[in-house]
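Engineer: My file is final-v3.tsv. It has TSV, C-alpha atoms:
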chain	number	residue	atom	x	y	z
A	14	MET	CA	15.78	8.21	5.57
A	15	ALA	CA	14.81	11.90	5.78
A	16	PRO	CA	11.52	12.60	7.57
A	17	PRO	CA	8.57	13.34	5.26
A	18	ALA	CA	7.63	16.93	4.65
A	19	GLY	CA	4.31	18.25	5.91
A	20	LYS	CA	2.14	17.50	8.90
A	21	ARG	CA	0.27	14.44	10.07
A	22	VAL	CA	-3.47	14.30	9.53
A	23	LYS	CA	-4.67	14.31	13.13
A	24	GLY	CA	-7.45	12.05	14.32
A	25	VAL	CA	-7.39	9.89	11.17
A	26	GLN	CA	-6.78	6.16	10.89
A	27	ILE	CA	-6.76	4.32	7.57
A	28	TYR	CA	-6.37	0.56	7.22
A	29	ARG	CA	-5.65	-1.71	4.29
A	30	PRO	CA	-6.28	-5.47	4.33
A	31	PHE	CA	-3.65	-7.83	2.95
A	32	ILE	CA	-2.67	-11.50	3.01
A	33	TYR	CA	0.66	-13.17	3.65
A	34	GLY	CA	1.62	-16.82	3.85
A	35	THR	CA	2.75	-19.86	1.91
A	36	THR	CA	1.30	-22.35	-0.55
A	37	ALA	CA	2.97	-25.74	-1.05
A	38	ARG	CA	2.34	-28.72	-3.31
A	39	PRO	CA	4.05	-32.12	-3.41
A	40	PHE	CA	5.73	-33.12	-6.65
A	41	ASN	CA	3.90	-35.72	-8.73
A	42	ASP	CA	4.02	-37.10	-12.25
A	43	THR	CA	0.73	-35.56	-13.41
A	44	ASP	CA	0.14	-31.87	-12.66
A	45	ASN	CA	3.23	-30.92	-10.62
A	46	PRO	CA	6.30	-32.76	-11.93
A	47	ARG	CA	9.72	-32.01	-10.49
A	48	PRO	CA	11.45	-29.49	-12.80
A	49	ALA	CA	14.80	-30.31	-14.36
A	50	GLY	CA	17.71	-29.40	-12.13
A	51	VAL	CA	15.75	-29.62	-8.88
A	52	PRO	CA	17.54	-31.85	-6.31
A	53	ALA	CA	16.11	-35.34	-6.01
A	54	ASP	CA	15.47	-34.95	-2.28
A	55	HIS	CA	13.20	-31.93	-2.81
A	56	THR	CA	9.64	-33.14	-2.29
A	57	HIS	CA	7.58	-29.95	-2.75
A	58	SER	CA	7.26	-26.77	-4.73
A	59	TRP	CA	6.22	-23.80	-2.61
A	60	GLN	CA	5.83	-20.06	-2.62
A	61	VAL	CA	5.78	-17.37	0.04
A	62	PHE	CA	3.96	-14.12	-0.64
A	63	VAL	CA	2.50	-10.83	0.51
A	64	LYS	CA	-0.45	-9.68	-1.58
A	65	GLY	CA	-3.74	-7.84	-1.52
A	66	VAL	CA	-7.04	-9.48	-0.65
A	67	ASP	CA	-8.62	-10.78	-3.87
A	68	ASP	CA	-5.34	-9.86	-5.61
A	69	THR	CA	-5.95	-6.13	-5.31
A	70	ASP	CA	-3.07	-3.70	-5.71
A	71	ILE	CA	-0.88	-3.09	-2.64
A	72	PHE	CA	2.09	-1.56	-4.46
A	73	TYR	CA	0.83	1.98	-3.80
A	74	TRP	CA	1.46	1.66	-0.06
A	75	LEU	CA	3.86	-1.29	0.25
A	76	ARG	CA	7.02	-0.63	-1.76
A	77	ARG	CA	9.41	-3.43	-0.85
A	78	VAL	CA	9.35	-6.82	0.87
A	79	GLN	CA	12.33	-8.84	2.05
A	80	PHE	CA	11.93	-12.57	2.64
A	81	LYS	CA	14.54	-14.30	4.81
A	82	LEU	CA	14.50	-18.01	3.96
A	83	HIS	CA	16.44	-20.86	5.53
A	84	GLU	CA	20.18	-20.28	5.28
A	85	SER	CA	20.64	-23.57	3.43
A	86	ILE	CA	18.77	-22.11	0.46
A	87	PRO	CA	20.96	-20.24	-2.06
A	88	ASN	CA	20.41	-16.49	-1.94
A	89	HIS	CA	18.32	-16.89	1.20
A	90	LEU	CA	17.65	-13.13	1.46
A	91	ARG	CA	15.18	-12.21	-1.30
A	92	THR	CA	14.22	-8.56	-1.70
A	93	LEU	CA	11.41	-7.61	-4.09
A	94	ASP	CA	10.71	-4.01	-5.13
A	95	ALA	CA	7.29	-2.80	-6.21
A	96	GLU	CA	8.79	-0.53	-8.87
A	97	THR	CA	10.55	-3.46	-10.55
A	98	ILE	CA	7.43	-5.62	-10.44
A	99	ILE	CA	5.29	-2.80	-11.91
A	100	LYS	CA	7.74	-2.37	-14.81
A	101	GLU	CA	7.73	-6.11	-15.49
A	102	ASN	CA	3.92	-6.15	-15.38
A	103	ASN	CA	3.76	-3.37	-17.95
A	104	ASN	CA	5.60	-5.66	-20.36
A	105	SER	CA	3.52	-8.76	-19.59
A	106	SER	CA	0.07	-10.02	-20.50
A	107	ASN	CA	-2.64	-9.69	-17.87
A	108	LYS	CA	-2.45	-13.39	-16.94
A	109	GLN	CA	1.32	-13.22	-16.43
A	110	GLN	CA	1.27	-10.12	-14.24
A	111	GLN	CA	2.41	-10.47	-10.64
A	112	ARG	CA	-0.26	-9.35	-8.17
A	113	GLY	CA	1.97	-9.10	-5.11
A	114	PHE	CA	5.40	-9.89	-3.71
A	115	VAL	CA	6.05	-13.58	-4.43
A	116	VAL	CA	9.03	-15.93	-4.05
A	117	ASN	CA	8.85	-19.42	-5.59
A	118	GLU	CA	11.08	-22.23	-4.33
A	119	THR	CA	11.37	-25.99	-3.87
A	120	GLY	CA	12.46	-28.02	-0.86
A	121	TRP	CA	11.80	-30.80	1.60
A	122	GLY	CA	11.69	-29.18	5.05
A	123	GLU	CA	9.59	-26.69	6.98
A	124	PHE	CA	11.06	-23.61	8.65
A	125	GLU	CA	10.22	-20.10	9.82
A	126	ILE	CA	10.34	-17.29	7.25
A	127	THR	CA	11.02	-13.71	8.29
A	128	ILE	CA	9.09	-11.16	6.23
A	129	ARG	CA	10.14	-7.51	6.43
A	130	LEU	CA	7.75	-4.87	5.05
A	131	TYR	CA	9.00	-1.53	3.72
A	132	TYR	CA	6.58	1.30	3.05
A	133	ASP	CA	6.48	4.34	0.81
A	134	SER	CA	9.02	6.99	1.80
A	135	LYS	CA	6.20	9.51	2.17
A	136	SER	CA	4.77	7.46	5.04
A	137	GLY	CA	7.66	8.17	7.40
A	138	GLU	CA	7.14	4.75	8.96
A	139	LYS	CA	9.76	2.20	9.94
A	140	PRO	CA	9.78	-1.31	8.44
A	141	GLN	CA	7.74	-3.97	10.18
A	142	VAL	CA	8.57	-7.66	10.56
A	143	LEU	CA	6.25	-10.65	10.26
A	144	TYR	CA	7.09	-14.28	10.95
A	145	HIS	CA	5.51	-17.19	9.11
A	146	HIS	CA	6.05	-20.95	9.33
A	147	LEU	CA	6.35	-22.68	5.97
A	148	ARG	CA	3.87	-25.57	5.90
A	149	LEU	CA	4.52	-28.45	3.51
A	150	HIS	CA	2.26	-31.05	5.09
A	151	PRO	CA	-1.47	-31.00	5.93
A	152	TYR	CA	-2.26	-29.41	9.28
A	153	GLY	CA	-5.31	-28.23	11.17
A	154	ARG	CA	-7.22	-28.18	14.42
A	155	THR	CA	-9.11	-31.34	13.49
A	156	GLU	CA	-8.53	-34.44	11.39
A	157	ALA	CA	-11.29	-33.23	9.05
A	158	GLU	CA	-9.29	-30.08	8.28
A	159	LYS	CA	-6.19	-32.14	7.58
A	160	GLU	CA	-8.14	-34.52	5.36
A	161	ALA	CA	-9.55	-31.59	3.36
A	162	MET	CA	-5.97	-30.61	2.46
A	163	ARG	CA	-5.10	-34.16	1.47
A	164	SER	CA	-8.12	-34.31	-0.84
A	165	ASN	CA	-7.04	-31.09	-2.55
A	166	GLY	CA	-4.15	-32.74	-4.34
A	167	GLY	CA	-2.00	-32.24	-1.27
A	168	GLU	CA	-1.91	-28.46	-1.72
A	169	VAL	CA	-1.27	-26.83	1.64
A	170	MET	CA	-2.37	-23.22	2.04
A	171	ALA	CA	-1.07	-21.48	5.17
A	172	TRP	CA	-2.49	-18.00	4.65
A	173	ILE	CA	-2.91	-15.19	7.17
A	174	TYR	CA	-5.33	-12.27	6.85
A	175	GLU	CA	-3.97	-9.02	8.26
A	176	GLU	CA	-4.93	-5.35	8.35
A	177	GLN	CA	-2.28	-2.66	8.17
A	178	LEU	CA	-3.19	0.41	10.19
A	179	PHE	CA	-1.93	3.84	9.20
A	180	ASN	CA	-2.35	6.07	12.21
A	181	GLU	CA	-2.43	9.84	11.55
A	182	PRO	CA	-0.53	9.55	8.24
A	183	PHE	CA	1.50	12.42	6.83
A	184	GLU	CA	-0.44	14.64	4.43
A	185	ASP	CA	1.31	13.45	1.24
A	186	PHE	CA	0.86	9.83	2.18
A	187	TYR	CA	-2.75	10.46	3.16
A	188	LYS	CA	-3.35	11.75	-0.37
A	189	ILE	CA	-1.91	8.50	-1.79
A	190	LEU	CA	-4.09	6.35	0.44
A	191	THR	CA	-7.26	8.32	-0.32
A	192	SER	CA	-6.67	8.81	-4.05
A	193	GLY	CA	-10.02	7.17	-4.73
A	194	ALA	CA	-11.25	3.60	-5.07
A	195	ARG	CA	-11.27	2.22	-8.59
A	196	ASP	CA	-12.26	-0.93	-10.40
A	197	LYS	CA	-9.85	-3.85	-10.22
A	198	GLY	CA	-7.17	-3.71	-12.88
A	199	ALA	CA	-7.21	0.08	-13.18
A	200	GLY	CA	-3.74	1.60	-13.35
A	201	GLY	CA	-1.93	3.39	-10.56
A	202	GLY	CA	1.10	3.28	-8.32
A	203	GLY	CA	2.23	4.68	-4.98
A	204	GLY	CA	3.16	3.50	-1.49
A	205	GLY	CA	2.93	3.73	2.36
A	206	LYS	CA	2.62	2.21	5.92
A	207	GLY	CA	1.51	2.80	9.47
A	208	LYS	CA	2.21	1.69	13.01
A	209	GLY	CA	0.59	-1.47	14.22
A	210	LYS	CA	-1.75	-3.95	12.68
A	211	GLY	CA	-4.98	-2.88	14.30
A	212	LYS	CA	-8.53	-2.67	13.09
A	213	GLY	CA	-8.72	1.06	12.47
A	214	LYS	CA	-11.57	2.07	10.23
A	215	GLY	CA	-11.06	4.25	7.19
A	216	VAL	CA	-12.13	3.66	3.60
A	217	ALA	CA	-10.63	5.48	0.66
A	218	ALA	CA	-12.80	8.07	-1.01
A	219	GLY	CA	-15.41	6.45	-3.21
A	220	ALA	CA	-15.23	3.02	-1.55
A	221	THR	CA	-18.49	1.51	-0.32
A	222	GLU	CA	-18.56	-1.57	1.88
A	223	VAL	CA	-21.94	-2.66	0.53
A	224	ALA	CA	-20.67	-3.06	-3.03
A	225	SER	CA	-20.47	-6.63	-4.29
A	226	GLU	CA	-17.20	-6.08	-6.17
A	227	VAL	CA	-13.94	-5.38	-4.36
A	228	LYS	CA	-12.29	-2.19	-5.57
A	229	GLU	CA	-8.65	-1.20	-5.74
A	230	ARG	CA	-7.29	1.28	-3.21
A	231	SER	CA	-10.00	0.60	-0.67
A	232	ALA	CA	-10.47	-1.34	2.55
A	233	MET	CA	-13.06	-3.62	0.98
A	234	ILE	CA	-12.94	-7.41	1.12
A	235	PRO	CA	-15.19	-9.86	-0.79
A	236	LEU	CA	-18.66	-10.55	0.56
A	237	THR	CA	-18.37	-14.30	-0.02
A	238	ASN	CA	-15.60	-16.87	-0.43
A	239	LYS	CA	-14.55	-18.19	-3.81
A	240	PRO	CA	-11.82	-20.55	-5.08
A	241	GLY	CA	-8.41	-19.14	-4.25
A	242	GLN	CA	-9.93	-16.50	-1.98
A	243	PRO	CA	-10.72	-17.83	1.51
A	244	PHE	CA	-11.17	-14.41	3.17
A	245	SER	CA	-14.48	-12.56	3.01
A	246	ARG	CA	-17.26	-11.06	5.10
A	247	ASP	CA	-18.67	-14.59	5.37
A	248	THR	CA	-15.35	-15.80	6.81
A	249	GLU	CA	-15.40	-12.89	9.24
A	250	GLN	CA	-18.89	-13.79	10.46
A	251	LEU	CA	-17.92	-17.45	10.91
A	252	GLU	CA	-14.89	-16.43	12.95
A	253	ILE	CA	-17.05	-14.13	15.10
A	254	LYS	CA	-19.44	-17.04	15.64
A	255	ARG	CA	-16.56	-19.35	16.67
A	256	LEU	CA	-15.23	-16.74	19.08
A	257	LYS	CA	-18.69	-16.27	20.61
A	258	GLU	CA	-19.11	-20.03	21.03
A	259	ALA	CA	-15.66	-20.26	22.64
A	260	GLU	CA	-16.49	-17.36	24.96
A	261	ASP	CA	-19.75	-19.02	26.00
A	262	LYS	CA	-17.86	-22.27	26.63
A	263	VAL	CA	-15.34	-20.49	28.85
A	264	HIS	CA	-18.13	-18.82	30.85
A	265	GLU	CA	-19.78	-22.22	31.27
A	266	MET	CA	-16.53	-23.79	32.47
A	267	VAL	CA	-15.91	-20.93	34.91
A	268	SER	CA	-19.44	-21.28	36.26
A	269	GLU	CA	-19.01	-25.03	36.77
A	270	MET	CA	-15.64	-24.49	38.45
A	271	ASN	CA	-17.13	-21.88	40.81
A	272	LYS	CA	-19.85	-24.36	41.78
A	273	ALA	CA	-17.24	-27.04	42.44
A	274	VAL	CA	-15.16	-24.64	44.55
A	275	LYS	CA	-18.19	-23.66	46.63
A	276	ALA	CA	-19.06	-27.33	47.15
A	277	LYS	CA	-15.50	-28.03	48.31
A	278	GLU	CA	-15.62	-25.02	50.65
A	279	LEU	CA	-18.85	-26.32	52.21
A	280	GLU	CA	-17.31	-29.77	52.55
A	281	LEU	CA	-14.20	-28.27	54.18
A	282	SER	CA	-16.34	-26.24	56.62
A	283	ALA	CA	-18.25	-29.39	57.60
A	284	LEU	CA	-15.03	-31.29	58.19
A	285	ARG	CA	-13.65	-28.49	60.34
A	286	ALA	CA	-16.85	-28.35	62.38
A	287	ALA	CA	-16.76	-32.12	62.89
A	288	ALA	CA	-13.11	-31.97	63.94
A	289	ALA	CA	-13.84	-29.17	66.41
A	290	SER	CA	-16.72	-31.08	68.01
A	291	ASN	CA	-14.53	-34.16	68.47
A	292	ALA	CA	-11.69	-32.18	70.01
Rewrite the coordinates I just gave you, this time as structure tokens.
Structural biologist:
Amino acid sequence: MAPPAGKRVKGVQIYRPFIYGTTARPFNDTDNPRPAGVPADHTHSWQVFVKGVDDTDIFYWLRRVQFKLHESIPNHLRTLDAETIIKENNNSSNKQQQRGFVVNETGWGEFEITIRLYYDSKSGEKPQVLYHHLRLHPYGRTEAEKEAMRSNGGEVMAWIYEEQLFNEPFEDFYKILTSGARDKGAGGGGGGKGKGKGKGKGVAAGATEVASEVKERSAMIPLTNKPGQPFSRDTEQLEIKRLKEAEDKVHEMVSEMNKAVKAKELELSALRAAAASNA
């Protein structure tokens, strides 16, 4: 690939939030029957995806995604192009439009999926690779979390929130990224990428973090959770709280361990003194 024309915009970092992961559901006779032609030993339908937070557009900076599935699956390398998806969306109703890069499959076993991200040619960035474990069965840190999945019809959502950092993007790509925030569903197309997945701060022109509605082509995320959208500012604050509680717990454990070490040192000194006096 030829290097992009123009210069990099120095001292600028722009980030875009996105989600990747899998959603799986067991087959049943009511709302998820096994389709005709699906092998009898397949127990679940599942999908793997890369999409925008709250289903916002990511096609303007992410132009292609390759999913490497288990080799036992026919056509286990699936490559999806943004241009093709956009053309198909133009010929579909709003409800049928694809909001991201999605592969639907069926199966019975869990495995690791390799996800390769390709960015707009104007970005000048190399592809990046993500790894994700397909989850078919309820999982969690506690039994309560596992039970919550069981009570949701067995649907297992293994979703990851990520932020793509574009560090000092080339001028043409910078123009794409900062083309202006717009209401969801507004038209547009483009592409791009940057090095790393850090938390660089940069919001497209016109985007305001205090707005209650997430806009396209911005770094905004929802203020509160809603069905089908587990990532929001509320989620962020809960995670910060959990991290702070864990940090406090570690400090407490370190303090208790230091006290125990000092007590053992005093005990050892006393034993040495006693041994010396008896010598």
Engineer: Once you count all atoms listed in the file, what closest atom pair and distance in Å to one decimal does each residue of segment 128-212 of chain A within 8 Å of segment 105-123 of chain A have, with rows by chain and rising residue number, as a tab-separated table?
Structural biologist:
residue	atom	partner	partner_atom	distance
A:His146	CA	A:Glu123	CA	7.1
A:Leu147	CA	A:Glu123	CA	5.3
A:Arg148	CA	A:Glu123	CA	5.9
A:Leu149	CA	A:Glu123	CA	6.4
Engineer: Using atom CA of Pro182 of chain A and atom CA of Arg21 of chain A as the two end points, give the distance in Å to one decimal.
Structural biologist: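 For atom CA of Pro182 of chain A relative to atom CA of Arg21 of chain A, the distance reads 5.3 Å.
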Engineer: Looking at A:Thr35, A:Thr191, A:Asn104, A:Asn41, which one is nearest to Phe80 of chain A, with distances taken over all atoms listed in the file?
Structural biologist: A:Thr35
Engineer: Have a look at A:Glu278, A:Asp68, A:Phe62, A:Glu101 and name the one nearest to Gln242 of chain A; count only C-alpha atoms.
Structural biologist: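 Checking each candidate against Gln242 of chain A, we get A:Asp68 as the closest.
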Engineer: Tell me, as a list in words, which residues lie within 12 Å of segment 247-251 of chain A, counting only C-alpha atoms; anything in the same chain fewer than 3 positions away does not count.
Structural biologist: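 Neighbouring residues, sequence-local ones excluded: Tyr174, Ile234, Pro235, Leu236, Thr237, Asn238, Lys239, Gln242, Pro243, Phe244, Lys254, Arg255, Leu256, Lys257 and Glu258 of chain A.
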Engineer: Create the file for the chosen residues now, containing C-alpha atoms and written as a CSV table (one decimal), in the frame of the given file.
Structural biologist:
chain,number,residue,atom,x,y,z
A,174,TYR,CA,-5.3,-12.3,6.8
A,234,ILE,CA,-12.9,-7.4,1.1
A,235,PRO,CA,-15.2,-9.9,-0.8
A,236,LEU,CA,-18.7,-10.6,0.6
A,237,THR,CA,-18.4,-14.3,0.0
A,238,ASN,CA,-15.6,-16.9,-0.4
A,239,LYS,CA,-14.6,-18.2,-3.8
A,242,GLN,CA,-9.9,-16.5,-2.0
A,243,PRO,CA,-10.7,-17.8,1.5
A,244,PHE,CA,-11.2,-14.4,3.2
A,254,LYS,CA,-19.4,-17.0,15.6
A,255,ARG,CA,-16.6,-19.4,16.7
A,256,LEU,CA,-15.2,-16.7,19.1
A,257,LYS,CA,-18.7,-16.3,20.6
A,258,GLU,CA,-19.1,-20.0,21.0
Engineer: When distances are computed from all atoms listed in the file, which of A:Ser192, A:Ser282, A:Thr127, A:Ser268 shows the smallest separation from Leu90 of chain A?
Structural biologist: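 The shortest atom-to-atom distance to Leu90 of chain A comes from A:Thr127.
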Engineer: How far is it from atom CA of Gln177 of chain A to atom CA of Gln79 of chain A, in Å with one decimal?
Structural biologist: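 So the answer is 17.0 Å.
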Engineer: Give me, as a PyMOL selection string, all polymer residues having an atom no more than 12 Å from Arg47 of chain A, counting all atoms listed in the file and skipping those fewer than 3 positions away in the same chain.
Structural biologist: chain A and resi 38-44+50-59+118-120
Engineer: So how far away is atom CA of Gly34 of chain A from atom CA of Glu158 of chain A, in Å?
Structural biologist: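 Distance reported for this atom pair: 17.7 Å.
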Engineer: For Leu75 of chain A, which residue out of A:Gly19, A:Lys100, A:Ile173, A:Leu190 is the nearest one, using only C-alpha atoms?
Structural biologist: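 Between A:Gly19, A:Lys100, A:Ile173, A:Leu190, the residue approaching Leu75 of chain A most closely is A:Leu190.
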Engineer: Hey, which of A:Ile27, A:Ala49, A:Val22, A:Ala194 ends up closest to Phe179 of chain A? Count all atoms listed in the file.
Structural biologist: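 Closest residue, counting all atoms listed in the file: A:Ile27.
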Engineer: Residues at most 12 Å from Arg163 of chain A, counting all atoms listed in the file, excluding those fewer than 2 positions away in the same chain, as an mmCIF file with C-alpha atoms, in the frame of the given file?
Structural biologist:
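As written to disk, part-v3.cif reads:
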data_model
loop_
_atom_site.group_PDB
_atom_site.id
_atom_site.type_symbol
_atom_site.label_atom_id
_atom_site.label_comp_id
_atom_site.auth_asym_id
_atom_site.auth_seq_id
_atom_site.Cartn_x
_atom_site.Cartn_y
_atom_site.Cartn_z
ATOM 1 C CA ALA A 37 2.970 -25.740 -1.050
ATOM 2 C CA ARG A 38 2.340 -28.720 -3.310
ATOM 3 C CA PRO A 39 4.050 -32.120 -3.410
ATOM 4 C CA LEU A 149 4.520 -28.450 3.510
ATOM 5 C CA HIS A 150 2.260 -31.050 5.090
ATOM 6 C CA PRO A 151 -1.470 -31.000 5.930
ATOM 7 C CA TYR A 152 -2.260 -29.410 9.280
ATOM 8 C CA GLY A 153 -5.310 -28.230 11.170
ATOM 9 C CA GLU A 156 -8.530 -34.440 11.390
ATOM 10 C CA ALA A 157 -11.290 -33.230 9.050
ATOM 11 C CA GLU A 158 -9.290 -30.080 8.280
ATOM 12 C CA LYS A 159 -6.190 -32.140 7.580
ATOM 13 C CA GLU A 160 -8.140 -34.520 5.360
ATOM 14 C CA ALA A 161 -9.550 -31.590 3.360
ATOM 15 C CA ASN A 165 -7.040 -31.090 -2.550
ATOM 16 C CA GLY A 166 -4.150 -32.740 -4.340
ATOM 17 C CA GLY A 167 -2.000 -32.240 -1.270
ATOM 18 C CA GLU A 168 -1.910 -28.460 -1.720
ATOM 19 C CA VAL A 169 -1.270 -26.830 1.640
ATOM 20 C CA MET A 170 -2.370 -23.220 2.040
#
Engineer: Closest to Ile32 of chain A among A:Val66, A:Val227, A:Ala276, A:Ala171, using only C-alpha atoms?
Structural biologist: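 Of A:Val66, A:Val227, A:Ala276, A:Ala171, the one nearest Ile32 of chain A is A:Val66, counting only C-alpha atoms.
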